[in-house]
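J.: Data: my_file.tsv, TSV, C-alpha atoms.
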```tsv
chain	number	residue	atom	x	y	z
A	1	MET	CA	60.82	-16.87	27.09
A	2	SER	CA	58.33	-19.73	26.77
A	3	LYS	CA	56.31	-20.36	23.68
A	4	ARG	CA	53.09	-19.24	25.33
A	5	SER	CA	54.40	-16.15	27.04
A	6	PRO	CA	53.74	-13.83	24.05
A	7	VAL	CA	50.08	-14.86	24.13
A	8	ARG	CA	49.90	-14.27	27.87
A	9	GLY	CA	51.52	-10.87	27.35
A	10	LEU	CA	49.03	-9.94	24.63
A	11	ALA	CA	46.16	-11.07	26.87
A	12	ALA	CA	47.47	-9.07	29.83
A	13	ALA	CA	47.80	-5.96	27.66
A	14	GLN	CA	44.25	-6.49	26.38
A	15	LEU	CA	42.94	-6.81	29.92
A	16	ALA	CA	44.78	-3.68	31.10
A	17	ASN	CA	43.20	-1.35	28.56
A	18	SER	CA	39.77	-3.04	28.47
A	19	LEU	CA	39.22	-2.50	32.20
A	20	GLY	CA	39.67	1.24	31.76
A	21	ASP	CA	37.66	1.31	28.55
A	22	GLY	CA	34.73	-0.43	30.25
A	23	ALA	CA	34.60	2.29	32.88
A	24	TYR	CA	35.09	5.02	30.27
A	25	TYR	CA	32.29	3.79	28.00
A	26	VAL	CA	29.60	3.90	30.69
A	27	THR	CA	30.58	7.28	32.17
A	28	SER	CA	32.02	9.49	29.42
A	29	ALA	CA	28.72	10.66	27.90
A	30	LEU	CA	27.37	11.84	31.26
A	31	TYR	CA	30.66	13.55	32.09
A	32	PHE	CA	30.68	15.56	28.87
A	33	THR	CA	27.02	16.56	29.24
A	34	ARG	CA	26.85	17.26	32.99
A	35	VAL	CA	30.36	18.49	33.76
A	36	VAL	CA	31.64	19.97	30.48
A	37	GLY	CA	28.17	21.13	29.42
A	38	LEU	CA	28.07	19.76	25.86
A	39	SER	CA	24.78	18.77	24.27
A	40	PRO	CA	24.21	15.11	23.28
A	41	THR	CA	23.81	16.19	19.64
A	42	ARG	CA	27.19	17.94	19.56
A	43	ILE	CA	28.84	14.99	21.29
A	44	GLY	CA	27.38	12.60	18.73
A	45	LEU	CA	28.53	14.78	15.84
A	46	ALA	CA	32.05	15.06	17.26
A	47	LEU	CA	32.31	11.30	17.77
A	48	THR	CA	31.06	10.63	14.24
A	49	VAL	CA	33.73	12.94	12.79
A	50	ALA	CA	36.39	11.52	15.11
A	51	TRP	CA	35.76	7.88	14.20
A	52	ALA	CA	35.62	8.75	10.50
A	53	ILE	CA	39.09	10.31	10.83
A	54	GLY	CA	40.27	7.30	12.80
A	55	ALA	CA	39.08	4.91	10.12
A	56	VAL	CA	41.08	6.76	7.47
A	57	ALA	CA	44.17	6.86	9.69
A	58	GLY	CA	44.15	3.10	10.32
A	59	VAL	CA	45.75	2.21	6.97
A	60	PRO	CA	48.81	4.52	7.12
A	61	LEU	CA	49.38	3.70	10.78
A	62	GLY	CA	49.17	0.00	9.96
A	63	ALA	CA	51.65	0.54	7.13
A	64	LEU	CA	53.92	2.33	9.61
A	65	ALA	CA	53.82	-0.79	11.79
A	66	ASP	CA	54.88	-2.86	8.78
A	67	ARG	CA	57.85	-0.59	8.06
A	68	ARG	CA	59.02	0.29	11.58
A	69	GLY	CA	58.01	-2.86	13.44
A	70	PRO	CA	54.63	-3.53	15.07
A	71	ARG	CA	55.87	-3.72	18.65
A	72	GLY	CA	57.32	-0.21	18.81
A	73	VAL	CA	54.38	1.32	16.92
A	74	SER	CA	51.91	-0.48	19.22
A	75	VAL	CA	53.67	0.88	22.29
A	76	GLY	CA	53.67	4.41	20.87
A	77	LEU	CA	49.99	4.30	19.95
A	78	ALA	CA	49.01	2.88	23.36
A	79	LEU	CA	50.78	5.85	24.98
A	80	ALA	CA	49.09	8.22	22.50
A	81	THR	CA	45.71	6.76	23.50
A	82	ALA	CA	46.55	7.32	27.16
A	83	ALA	CA	47.48	10.94	26.43
A	84	ALA	CA	44.21	11.49	24.54
A	85	VAL	CA	42.15	10.05	27.40
A	86	LEU	CA	43.98	12.10	30.03
A	87	SER	CA	43.48	15.26	27.98
A	88	PHE	CA	39.76	14.97	28.73
A	89	LEU	CA	40.61	15.93	32.31
A	90	VAL	CA	41.23	19.55	31.30
A	91	ILE	CA	38.95	19.97	28.28
A	92	ARG	CA	36.13	22.46	28.76
A	93	SER	CA	35.30	23.59	25.19
A	94	TYR	CA	33.78	21.96	22.14
A	95	PRO	CA	36.72	22.53	19.72
A	96	ALA	CA	39.12	21.02	22.24
A	97	PHE	CA	36.76	18.07	22.76
A	98	LEU	CA	36.59	17.48	19.00
A	99	LEU	CA	40.39	17.48	18.69
A	100	ALA	CA	40.83	15.15	21.66
A	101	ALA	CA	38.13	12.78	20.41
A	102	ALA	CA	39.80	12.66	16.99
A	103	ALA	CA	43.19	11.97	18.59
A	104	TYR	CA	41.62	9.19	20.66
A	105	ALA	CA	39.96	7.58	17.62
A	106	VAL	CA	43.11	7.81	15.48
A	107	ALA	CA	45.25	6.25	18.22
A	108	GLN	CA	42.71	3.49	18.87
A	109	CYS	CA	42.32	2.56	15.19
A	110	GLY	CA	46.06	2.60	14.64
A	111	LEU	CA	46.67	0.59	17.81
A	112	ALA	CA	44.21	-2.08	16.68
A	113	ALA	CA	46.04	-2.47	13.34
A	114	ALA	CA	49.52	-2.48	14.89
A	115	ARG	CA	48.53	-5.03	17.53
A	116	GLN	CA	47.14	-7.33	14.86
A	117	ALA	CA	50.42	-7.04	12.98
A	118	LEU	CA	52.31	-7.78	16.20
A	119	LEU	CA	50.18	-10.85	16.82
A	120	ALA	CA	50.82	-12.03	13.27
A	121	GLY	CA	54.55	-11.77	13.90
A	122	LEU	CA	54.43	-13.66	17.21
A	123	VAL	CA	51.83	-16.34	16.49
A	124	GLY	CA	51.79	-18.85	13.65
A	125	PRO	CA	49.05	-18.66	10.99
A	126	GLY	CA	47.30	-21.79	12.25
A	127	GLU	CA	46.97	-20.41	15.80
A	128	ARG	CA	45.91	-16.82	15.17
A	129	THR	CA	42.14	-17.27	15.17
A	130	ALA	CA	42.26	-19.26	18.42
A	131	VAL	CA	44.48	-16.62	20.04
A	132	LEU	CA	42.20	-13.82	18.86
A	133	ALA	CA	39.23	-15.68	20.32
A	134	ARG	CA	41.04	-15.83	23.66
A	135	LEU	CA	41.85	-12.13	23.47
A	136	GLN	CA	38.21	-11.36	22.66
A	137	SER	CA	37.11	-13.27	25.74
A	138	VAL	CA	39.61	-11.32	27.85
A	139	LEU	CA	38.36	-8.08	26.26
A	140	ASN	CA	34.75	-8.78	27.18
A	141	ALA	CA	35.64	-9.81	30.71
A	142	GLY	CA	37.64	-6.60	31.15
A	143	LEU	CA	34.85	-4.45	29.75
A	144	ALA	CA	32.32	-6.07	32.08
A	145	VAL	CA	34.46	-5.51	35.19
A	146	GLY	CA	35.35	-2.00	34.02
A	147	ALA	CA	31.69	-1.18	33.48
A	148	GLY	CA	31.05	-2.21	37.08
A	149	ILE	CA	33.80	0.15	38.23
A	150	GLY	CA	32.31	2.91	36.10
A	151	GLY	CA	28.95	2.18	37.71
A	152	LEU	CA	30.38	3.29	41.05
A	153	ALA	CA	31.22	6.67	39.52
A	154	LEU	CA	27.71	6.90	38.09
A	155	GLN	CA	26.21	6.12	41.47
A	156	HIS	CA	28.10	8.93	43.19
A	157	ASP	CA	27.69	11.28	40.17
A	158	THR	CA	30.49	13.65	41.17
A	159	THR	CA	33.08	15.45	39.06
A	160	GLY	CA	35.86	13.80	41.03
A	161	GLY	CA	34.44	10.35	40.35
A	162	TYR	CA	34.26	10.96	36.61
A	163	LEU	CA	37.81	12.36	36.55
A	164	ALA	CA	39.03	9.28	38.43
A	165	VAL	CA	37.60	7.11	35.63
A	166	PHE	CA	39.64	9.01	33.02
A	167	VAL	CA	42.79	8.58	35.12
A	168	PHE	CA	42.00	4.87	35.50
A	169	ASP	CA	41.53	4.46	31.73
A	170	GLY	CA	44.69	6.42	30.91
A	171	ALA	CA	46.70	4.36	33.40
A	172	GLY	CA	45.35	1.19	31.78
A	173	PHE	CA	46.79	2.22	28.42
A	174	VAL	CA	50.15	3.09	30.02
A	175	ILE	CA	50.25	-0.39	31.55
A	176	CYS	CA	49.21	-1.82	28.18
A	177	ALA	CA	52.15	-0.04	26.55
A	178	ALA	CA	54.55	-1.43	29.16
A	179	LEU	CA	53.28	-4.96	28.64
A	180	LEU	CA	53.54	-4.67	24.86
A	181	ALA	CA	57.09	-3.33	25.20
A	182	GLY	CA	58.01	-6.49	27.11
A	183	LEU	CA	56.98	-8.78	24.25
A	184	PRO	CA	59.52	-10.15	21.77
A	185	LYS	CA	60.08	-8.29	18.53
A	186	ALA	CA	57.95	-9.67	15.72
A	187	ALA	CA	59.84	-11.89	13.32
A	188	PRO	CA	60.94	-10.02	10.18
A	189	VAL	CA	59.07	-10.73	6.97
A	190	ALA	CA	60.41	-11.00	3.47
A	191	VAL	CA	59.70	-7.89	1.39
A	192	PRO	CA	59.30	-8.43	-2.37
A	193	GLU	CA	61.97	-6.89	-4.55
A	194	VAL	CA	59.34	-5.55	-6.94
A	195	ARG	CA	58.29	-2.04	-5.97
A	196	GLU	CA	54.66	-1.86	-4.86
A	197	ALA	CA	52.18	0.91	-4.30
A	198	ARG	CA	52.69	2.50	-0.89
A	199	PHE	CA	49.17	1.64	0.25
A	200	ALA	CA	48.57	-1.45	-1.86
A	201	VAL	CA	45.43	-2.42	0.07
A	202	MET	CA	43.61	0.59	-1.38
A	203	ARG	CA	43.85	-1.06	-4.83
A	204	ASP	CA	42.94	-4.55	-3.68
A	205	ARG	CA	39.31	-4.74	-4.80
A	206	PRO	CA	38.58	-8.31	-3.61
A	207	TYR	CA	39.87	-7.47	-0.14
A	208	ALA	CA	37.78	-4.30	-0.15
A	209	VAL	CA	34.66	-6.34	-0.94
A	210	VAL	CA	35.40	-8.77	1.91
A	211	THR	CA	35.96	-5.78	4.22
A	212	LEU	CA	32.63	-4.24	3.16
A	213	LEU	CA	30.74	-7.49	3.74
A	214	ASN	CA	32.28	-7.71	7.19
A	215	ALA	CA	31.22	-4.11	7.90
A	216	VAL	CA	27.63	-5.09	7.03
A	217	LEU	CA	27.69	-7.92	9.57
A	218	LEU	CA	29.26	-5.53	12.10
A	219	LEU	CA	25.96	-3.63	12.16
A	220	ARG	CA	25.17	-6.10	14.94
A	221	MET	CA	27.31	-3.86	17.23
A	222	PRO	CA	24.96	-0.83	17.38
A	223	LEU	CA	22.08	-3.29	17.13
A	224	LEU	CA	22.55	-4.42	20.73
A	225	SER	CA	23.81	-1.15	22.17
A	226	LEU	CA	21.28	1.22	20.55
A	227	ALA	CA	18.52	-0.28	18.40
A	228	VAL	CA	17.44	-3.12	20.69
A	229	PRO	CA	17.12	-0.88	23.80
A	230	LEU	CA	15.02	1.60	21.83
A	231	TRP	CA	12.97	-1.26	20.39
A	232	ILE	CA	12.31	-2.75	23.81
A	233	VAL	CA	11.04	0.46	25.40
A	234	SER	CA	9.03	1.69	22.40
A	235	ARG	CA	7.65	-1.42	20.69
A	236	THR	CA	7.41	-4.26	23.23
A	237	ASP	CA	5.78	-5.00	26.59
A	238	ALA	CA	9.08	-6.11	28.13
A	239	PRO	CA	10.42	-4.21	31.17
A	240	GLY	CA	13.16	-1.62	30.67
A	241	TRP	CA	15.62	-3.43	32.96
A	242	LEU	CA	15.82	-6.21	30.36
A	243	VAL	CA	18.13	-3.91	28.34
A	244	SER	CA	20.84	-4.30	30.97
A	245	ALA	CA	20.20	-8.03	31.32
A	246	LEU	CA	20.64	-8.62	27.59
A	247	PHE	CA	23.91	-6.66	27.60
A	248	VAL	CA	25.22	-8.79	30.47
A	249	LEU	CA	24.07	-11.95	28.66
A	250	ASN	CA	26.00	-10.93	25.55
A	251	THR	CA	29.16	-9.94	27.41
A	252	LEU	CA	29.30	-13.07	29.54
A	253	GLY	CA	28.38	-15.26	26.57
A	254	VAL	CA	31.30	-14.00	24.49
A	255	THR	CA	33.64	-14.33	27.47
A	256	ALA	CA	32.61	-17.94	28.05
A	257	PHE	CA	32.12	-19.29	24.53
A	258	GLN	CA	34.16	-17.25	21.99
A	259	VAL	CA	37.15	-19.62	22.19
A	260	ARG	CA	34.91	-22.62	21.58
A	261	ALA	CA	33.14	-20.88	18.71
A	262	ALA	CA	36.49	-20.29	16.97
A	263	ARG	CA	37.52	-23.95	17.01
A	264	GLY	CA	37.78	-25.41	13.54
A	265	ILE	CA	38.09	-22.02	11.82
A	266	ASP	CA	41.53	-22.79	10.42
A	267	GLY	CA	41.32	-21.87	6.75
A	268	ALA	CA	39.49	-19.72	4.21
A	269	GLY	CA	36.93	-22.41	3.47
A	270	ALA	CA	36.06	-22.93	7.13
A	271	ALA	CA	35.93	-19.16	7.62
A	272	THR	CA	33.45	-18.58	4.78
A	273	ARG	CA	31.25	-21.43	5.98
A	274	GLY	CA	31.32	-19.94	9.47
A	275	LEU	CA	30.43	-16.50	8.14
A	276	ARG	CA	27.57	-17.93	6.12
A	277	ARG	CA	26.20	-19.55	9.28
A	278	ALA	CA	26.79	-16.32	11.20
A	279	GLY	CA	24.77	-14.35	8.64
A	280	ALA	CA	21.96	-16.89	8.96
A	281	MET	CA	21.98	-16.67	12.77
A	282	LEU	CA	21.94	-12.85	12.68
A	283	ALA	CA	19.03	-13.02	10.23
A	284	LEU	CA	17.18	-15.43	12.52
A	285	SER	CA	17.74	-13.08	15.47
A	286	CYS	CA	16.14	-10.25	13.46
A	287	VAL	CA	13.05	-12.37	12.78
A	288	VAL	CA	12.70	-13.25	16.45
A	289	PHE	CA	13.23	-9.62	17.53
A	290	ALA	CA	10.39	-8.69	15.16
A	291	VAL	CA	8.13	-11.29	16.81
A	292	SER	CA	8.70	-9.65	20.22
A	293	ALA	CA	6.44	-6.76	19.20
A	294	GLN	CA	3.31	-8.96	19.16
A	295	ASP	CA	0.75	-7.58	21.63
A	296	ARG	CA	-0.52	-10.96	22.79
A	297	LEU	CA	2.85	-12.01	24.19
A	298	GLY	CA	2.57	-9.95	27.37
A	299	VAL	CA	5.45	-8.93	29.62
A	300	TRP	CA	7.00	-12.33	30.23
A	301	GLY	CA	6.32	-13.67	26.76
A	302	ALA	CA	7.97	-10.66	25.14
A	303	SER	CA	10.91	-10.96	27.55
A	304	ALA	CA	11.41	-14.63	26.69
A	305	VAL	CA	11.32	-13.90	22.97
A	306	LEU	CA	13.86	-11.08	23.37
A	307	VAL	CA	16.21	-13.36	25.32
A	308	LEU	CA	15.93	-16.00	22.59
A	309	ALA	CA	16.66	-13.39	19.91
A	310	SER	CA	19.68	-12.20	21.88
A	311	VAL	CA	21.02	-15.76	22.08
A	312	PHE	CA	20.81	-16.06	18.28
A	313	LEU	CA	22.51	-12.66	18.02
A	314	LEU	CA	25.29	-13.86	20.36
A	315	VAL	CA	25.90	-17.01	18.30
A	316	GLY	CA	26.00	-14.97	15.10
A	317	GLU	CA	28.40	-12.45	16.66
A	318	MET	CA	30.87	-15.10	17.77
A	319	GLY	CA	30.77	-16.83	14.38
A	320	GLN	CA	31.25	-13.54	12.55
A	321	SER	CA	34.21	-12.62	14.73
A	322	ALA	CA	36.02	-15.94	14.25
A	323	GLY	CA	35.45	-16.10	10.50
A	324	SER	CA	36.43	-12.49	9.88
A	325	TRP	CA	39.66	-12.82	11.88
A	326	GLN	CA	40.71	-15.78	9.76
A	327	LEU	CA	39.98	-14.04	6.44
A	328	ALA	CA	41.58	-10.75	7.51
A	329	PHE	CA	44.89	-12.52	8.09
A	330	SER	CA	44.81	-15.21	5.41
A	331	LEU	CA	44.05	-12.76	2.59
A	332	ALA	CA	46.69	-10.21	3.66
A	333	PRO	CA	50.24	-10.35	2.21
A	334	ALA	CA	52.70	-11.38	4.93
A	335	HIS	CA	54.77	-8.20	4.52
A	336	GLN	CA	51.75	-5.87	4.65
A	337	VAL	CA	49.73	-7.24	7.55
A	338	GLY	CA	49.61	-3.89	9.35
A	339	GLN	CA	48.10	-1.83	6.55
A	340	TYR	CA	45.71	-4.65	5.58
A	341	GLN	CA	44.54	-4.98	9.18
A	342	GLY	CA	44.17	-1.22	9.33
A	343	PHE	CA	41.92	-1.31	6.28
A	344	PHE	CA	39.92	-4.32	7.48
A	345	GLY	CA	39.47	-2.61	10.83
A	346	THR	CA	37.63	0.31	9.20
A	347	GLY	CA	34.52	-1.84	9.40
A	348	VAL	CA	34.23	-1.11	13.13
A	349	PRO	CA	34.20	2.72	12.96
A	350	LEU	CA	32.05	2.49	9.83
A	351	ALA	CA	29.46	0.46	11.72
A	352	ARG	CA	29.68	2.87	14.65
A	353	THR	CA	29.24	5.87	12.36
A	354	VAL	CA	26.57	4.68	9.94
A	355	GLY	CA	24.86	2.05	12.08
A	356	PRO	CA	22.99	4.28	14.55
A	357	LEU	CA	21.36	6.35	11.82
A	358	VAL	CA	20.47	3.35	9.63
A	359	LEU	CA	19.22	1.11	12.41
A	360	THR	CA	17.08	3.69	14.18
A	361	ALA	CA	15.40	4.63	10.89
A	362	LEU	CA	15.02	1.00	9.82
A	363	LEU	CA	13.93	-0.61	13.07
A	364	VAL	CA	12.54	1.99	15.47
A	365	THR	CA	10.73	4.01	12.80
A	366	TRP	CA	9.72	1.30	10.32
A	367	GLY	CA	9.27	-1.53	12.80
A	368	VAL	CA	8.74	-5.18	11.89
A	369	PRO	CA	9.36	-4.77	8.12
A	370	GLY	CA	12.66	-3.10	8.98
A	371	TRP	CA	13.73	-6.10	11.06
A	372	LEU	CA	12.89	-8.46	8.20
A	373	LEU	CA	14.81	-6.34	5.71
A	374	LEU	CA	17.83	-6.19	8.01
A	375	GLY	CA	17.69	-9.95	8.43
A	376	ALA	CA	17.70	-10.41	4.65
A	377	VAL	CA	20.74	-8.11	4.40
A	378	PHE	CA	22.61	-10.16	7.04
A	379	LEU	CA	21.72	-13.40	5.26
A	380	ALA	CA	22.87	-12.10	1.86
A	381	ALA	CA	26.11	-10.66	3.26
A	382	GLY	CA	27.00	-13.94	4.97
A	383	ALA	CA	26.36	-15.90	1.78
A	384	ALA	CA	28.42	-13.46	-0.31
A	385	PHE	CA	31.63	-14.17	1.63
A	386	GLY	CA	32.11	-17.41	-0.31
A	387	PRO	CA	32.37	-15.94	-3.83
A	388	ALA	CA	34.18	-12.83	-2.57
A	389	THR	CA	36.82	-14.93	-0.83
A	390	ARG	CA	37.29	-17.20	-3.85
A	391	TRP	CA	37.81	-14.09	-5.99
A	392	ALA	CA	40.40	-12.77	-3.55
A	393	ARG	CA	42.25	-16.07	-3.44
A	394	ARG	CA	42.30	-16.35	-7.24
A	395	THR	CA	43.96	-12.94	-7.52
A	396	ARG	CA	46.65	-14.17	-5.14
A	397	GLY	CA	47.17	-17.53	-6.83
A	398	LEU	CA	45.93	-19.37	-3.74
A	399	THR	CA	43.91	-22.57	-3.63
A	400	GLU	CA	41.97	-24.13	-0.81
A	401	ALA	CA	42.60	-27.81	-0.20
A	402	ARG	CA	39.49	-29.89	-0.76
A	403	PRO	CA	38.20	-32.12	2.02
A	404	ALA	CA	39.24	-35.75	1.62
A	405	ALA	CA	35.66	-36.90	1.09
A	406	ALA	CA	35.22	-34.44	-1.78
A	407	ALA	CA	38.47	-35.49	-3.40
A	408	ARG	CA	37.46	-39.12	-3.76
```
Do you think you could lay out the structure here as structure tokens?

T.:
Amino acid sequence: MSKRSPVRGLAAAQLANSLGDGAYYVTSALYFTRVVGLSPTRIGLALTVAWAIGAVAGVPLGALADRRGPRGVSVGLALATAAAVLSFLVIRSYPAFLLAAAAYAVAQCGLAAARQALLAGLVGPGERTAVLARLQSVLNAGLAVGAGIGGLALQHDTTGGYLAVFVFDGAGFVICAALLAGLPKAAPVAVPEVREARFAVMRDRPYAVVTLLNAVLLLRMPLLSLAVPLWIVSRTDAPGWLVSALFVLNTLGVTAFQVRAARGIDGAGAATRGLRRAGAMLALSCVVFAVSAQDRLGVWGASAVLVLASVFLLVGEMGQSAGSWQLAFSLAPAHQVGQYQGFFGTGVPLARTVGPLVLTALLVTWGVPGWLLLGAVFLAAGAAFGPATRWARRTRGLTEARPAAAAR
């Protein structure tokens, strides 16, 4: 097997499940409201509970990948995700929906941790951020194409069309499992002879702080999917169709430029500098979004300002992704990558759970002052990565090599 084939295999697996997920994301809410008959409020509550459970499950499932091997655990969790998705085909009650949603979230969070551990075993430390950038580009391309496929189901708006989407998504995860099973086994890691706490990451305070800071920057996820659409239709003169255009801009931008944005992020120092810049770009996007509410801008002026803000948001997102990937791996013990990735990954469900409530109250209700406050939070979080990372490295006895110019 060639040196690059594991990366191609990981990318193919990412593409397989992201195509189905793209279709699922744009159709599932309408299916559960129109076909199953659940209210949006009950759906939202169930998903909040489900992702909270998934976040907690990520650490033990990641630890399982460390003990049993990340390839086998990844395959099992991909199949579990497929089973959870396919169970939606027969669910017609709220308790059953809650259980299936929880199973889906647990399998997804565990799969993310196990796949990161598998990548760490197949790819050298110096190449991981670049590989993750490539996988992120593949993910966004798959989601975009999948969303287009889901759009066909939305256009026809039939029960059969929605059920076909669930079958498509479930099949994608089965294919993902098959592709992961075809990868080499991850290289074994040396386990210290000294007995450690079973879930050591739960006692690693510096790593917890880095994880929390990353979760703050991850508030940019519900920012684009929820807060900005509500802001556009309620506070600006821009047309409603711009919501879709900005989503496409973001998706295509990450697909095209994430690999380039990750270049040079090859150590903790570069990662913290990148995260500081990312925080600044996210803060700048908030300021520009706030400007879009000015009455004198008009339709086209407001639209231009919103596009500019979205570009700043895109740049900040790509920088945050690259920097956080590097820190998540470089600060994790080599023999505990799975559980550490599981813990670091809790930032995503945390942002999905807390973000909608915080951002709607802060931005839609409060308006311009809320945008400025959020921008200050992004700026402070990005700047705090430096001292938090130095603290984490000191506790591990690590040092960052100084640039040659600084050493003279």

J.: Using all atoms listed in the file, find each residue in segment 116-214 of chain A having at least one atom no more than 10 Å away from segment 71-80 of chain A; report its shortest atom-to-atom pair and that distance in Å (one decimal), rows by chain then rising number, as JSON lines.

T.:
```
{"residue": "A:Gln116", "atom": "CA", "partner": "A:Ser74", "partner_atom": "CA", "distance": 9.4}
{"residue": "A:Ala117", "atom": "CA", "partner": "A:Arg71", "partner_atom": "CA", "distance": 8.5}
{"residue": "A:Leu118", "atom": "CA", "partner": "A:Arg71", "partner_atom": "CA", "distance": 5.9}
{"residue": "A:Leu119", "atom": "CA", "partner": "A:Arg71", "partner_atom": "CA", "distance": 9.3}
{"residue": "A:Gly121", "atom": "CA", "partner": "A:Arg71", "partner_atom": "CA", "distance": 9.4}
{"residue": "A:Gly170", "atom": "CA", "partner": "A:Leu79", "partner_atom": "CA", "distance": 8.5}
{"residue": "A:Ala171", "atom": "CA", "partner": "A:Leu79", "partner_atom": "CA", "distance": 9.5}
{"residue": "A:Gly172", "atom": "CA", "partner": "A:Ala78", "partner_atom": "CA", "distance": 9.3}
{"residue": "A:Phe173", "atom": "CA", "partner": "A:Ala78", "partner_atom": "CA", "distance": 5.6}
{"residue": "A:Val174", "atom": "CA", "partner": "A:Leu79", "partner_atom": "CA", "distance": 5.8}
{"residue": "A:Ile175", "atom": "CA", "partner": "A:Ala78", "partner_atom": "CA", "distance": 8.9}
{"residue": "A:Cys176", "atom": "CA", "partner": "A:Ala78", "partner_atom": "CA", "distance": 6.7}
{"residue": "A:Ala177", "atom": "CA", "partner": "A:Val75", "partner_atom": "CA", "distance": 4.6}
{"residue": "A:Ala178", "atom": "CA", "partner": "A:Val75", "partner_atom": "CA", "distance": 7.3}
{"residue": "A:Leu179", "atom": "CA", "partner": "A:Val75", "partner_atom": "CA", "distance": 8.6}
{"residue": "A:Leu180", "atom": "CA", "partner": "A:Val75", "partner_atom": "CA", "distance": 6.1}
{"residue": "A:Ala181", "atom": "CA", "partner": "A:Val75", "partner_atom": "CA", "distance": 6.2}
{"residue": "A:Gly182", "atom": "CA", "partner": "A:Arg71", "partner_atom": "CA", "distance": 9.2}
{"residue": "A:Leu183", "atom": "CA", "partner": "A:Arg71", "partner_atom": "CA", "distance": 7.6}
{"residue": "A:Pro184", "atom": "CA", "partner": "A:Arg71", "partner_atom": "CA", "distance": 8.0}
{"residue": "A:Lys185", "atom": "CA", "partner": "A:Arg71", "partner_atom": "CA", "distance": 6.2}
{"residue": "A:Ala186", "atom": "CA", "partner": "A:Arg71", "partner_atom": "CA", "distance": 7.0}
```

J.: Show me, as a tab-separated table, the residues of segment 102-209 of chain A having an atom within 10 Å of segment 240-261 of chain A, each with the closest atom pair and its distance in Å, using all atoms listed in the file.

T.:
```
residue	atom	partner	partner_atom	distance
A:Thr129	CA	A:Val259	CA	8.9
A:Ala130	CA	A:Val259	CA	6.4
A:Val131	CA	A:Val259	CA	8.2
A:Leu132	CA	A:Val259	CA	8.4
A:Ala133	CA	A:Val259	CA	4.8
A:Arg134	CA	A:Val259	CA	5.6
A:Leu135	CA	A:Val259	CA	8.9
A:Gln136	CA	A:Gln258	CA	7.2
A:Ser137	CA	A:Thr255	CA	4.0
A:Val138	CA	A:Thr255	CA	6.7
A:Leu139	CA	A:Thr255	CA	7.9
A:Asn140	CA	A:Thr255	CA	5.7
A:Ala141	CA	A:Thr255	CA	5.9
A:Gly142	CA	A:Thr255	CA	9.4
A:Leu143	CA	A:Thr251	CA	8.2
A:Ala144	CA	A:Thr251	CA	6.8
```

J.: Please check which residues have atoms at most 8 Å from (32.9, 21.7, 21.6) in the file's coordinates, counting only C-alpha atoms, and write them as a list in words.

T.: Leu38, Arg42, Ile43, Ala46, Arg92, Ser93, Tyr94, Pro95, Ala96, Phe97 and Leu98 of chain A

J.: Write out as an mmCIF file with C-alpha atoms, keeping the file's coordinate frame the residues lying within 12 Å of Val209 of chain A, counting all atoms listed in the file and excluding same-chain residues fewer than 6 positions away.

T.:
```cif
data_model
loop_
_atom_site.group_PDB
_atom_site.id
_atom_site.type_symbol
_atom_site.label_atom_id
_atom_site.label_comp_id
_atom_site.auth_asym_id
_atom_site.auth_seq_id
_atom_site.Cartn_x
_atom_site.Cartn_y
_atom_site.Cartn_z
ATOM 1 C CA VAL A 201 45.430 -2.420 0.070
ATOM 2 C CA MET A 202 43.610 0.590 -1.380
ATOM 3 C CA ARG A 203 43.850 -1.060 -4.830
ATOM 4 C CA ALA A 215 31.220 -4.110 7.900
ATOM 5 C CA VAL A 216 27.630 -5.090 7.030
ATOM 6 C CA LEU A 327 39.980 -14.040 6.440
ATOM 7 C CA ALA A 328 41.580 -10.750 7.510
ATOM 8 C CA LEU A 331 44.050 -12.760 2.590
ATOM 9 C CA PHE A 343 41.920 -1.310 6.280
ATOM 10 C CA PHE A 344 39.920 -4.320 7.480
ATOM 11 C CA GLY A 347 34.520 -1.840 9.400
ATOM 12 C CA ALA A 381 26.110 -10.660 3.260
ATOM 13 C CA ALA A 384 28.420 -13.460 -0.310
ATOM 14 C CA PHE A 385 31.630 -14.170 1.630
ATOM 15 C CA GLY A 386 32.110 -17.410 -0.310
ATOM 16 C CA PRO A 387 32.370 -15.940 -3.830
ATOM 17 C CA ALA A 388 34.180 -12.830 -2.570
ATOM 18 C CA THR A 389 36.820 -14.930 -0.830
ATOM 19 C CA ARG A 390 37.290 -17.200 -3.850
ATOM 20 C CA TRP A 391 37.810 -14.090 -5.990
ATOM 21 C CA ALA A 392 40.400 -12.770 -3.550
#
```

J.: For a cut-off of 8 Å around (30.4, -15.6, 14.4), file coordinates, pick out all residues using all atoms listed in the file and list them as a list in words.

T.: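 Selection result: Ala261, Gly274, Leu275, Arg277, Ala278, Val315, Gly316, Glu317, Met318, Gly319, Gln320, Ser321, Ala322 and Gly323 of chain A.
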
J.: Name the residues in contact with Gly342 of chain A at a cut-off of 7 Å, using all atoms listed in the file, excluding same-chain residues fewer than 5 positions from it; report them as a PyMOL selection string.

T.: chain A and resi 58-59+62+110+113

J.: Find the residues around Leu219 of chain A up to 7 Å (all atoms listed in the file counted), leave out those fewer than 4 positions away in its own chain, and share them as a list in words.

T.: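 Near neighbours after the sequence-gap exclusion: Ala215, Leu223, Ala351 and Gly355 of chain A.
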
J.: To one decimal place, how far is atom CA of Gly150 of chain A from atom CA of Val49 of chain A in Å?

T.: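 Distance between the two atoms: 25.4 Å.
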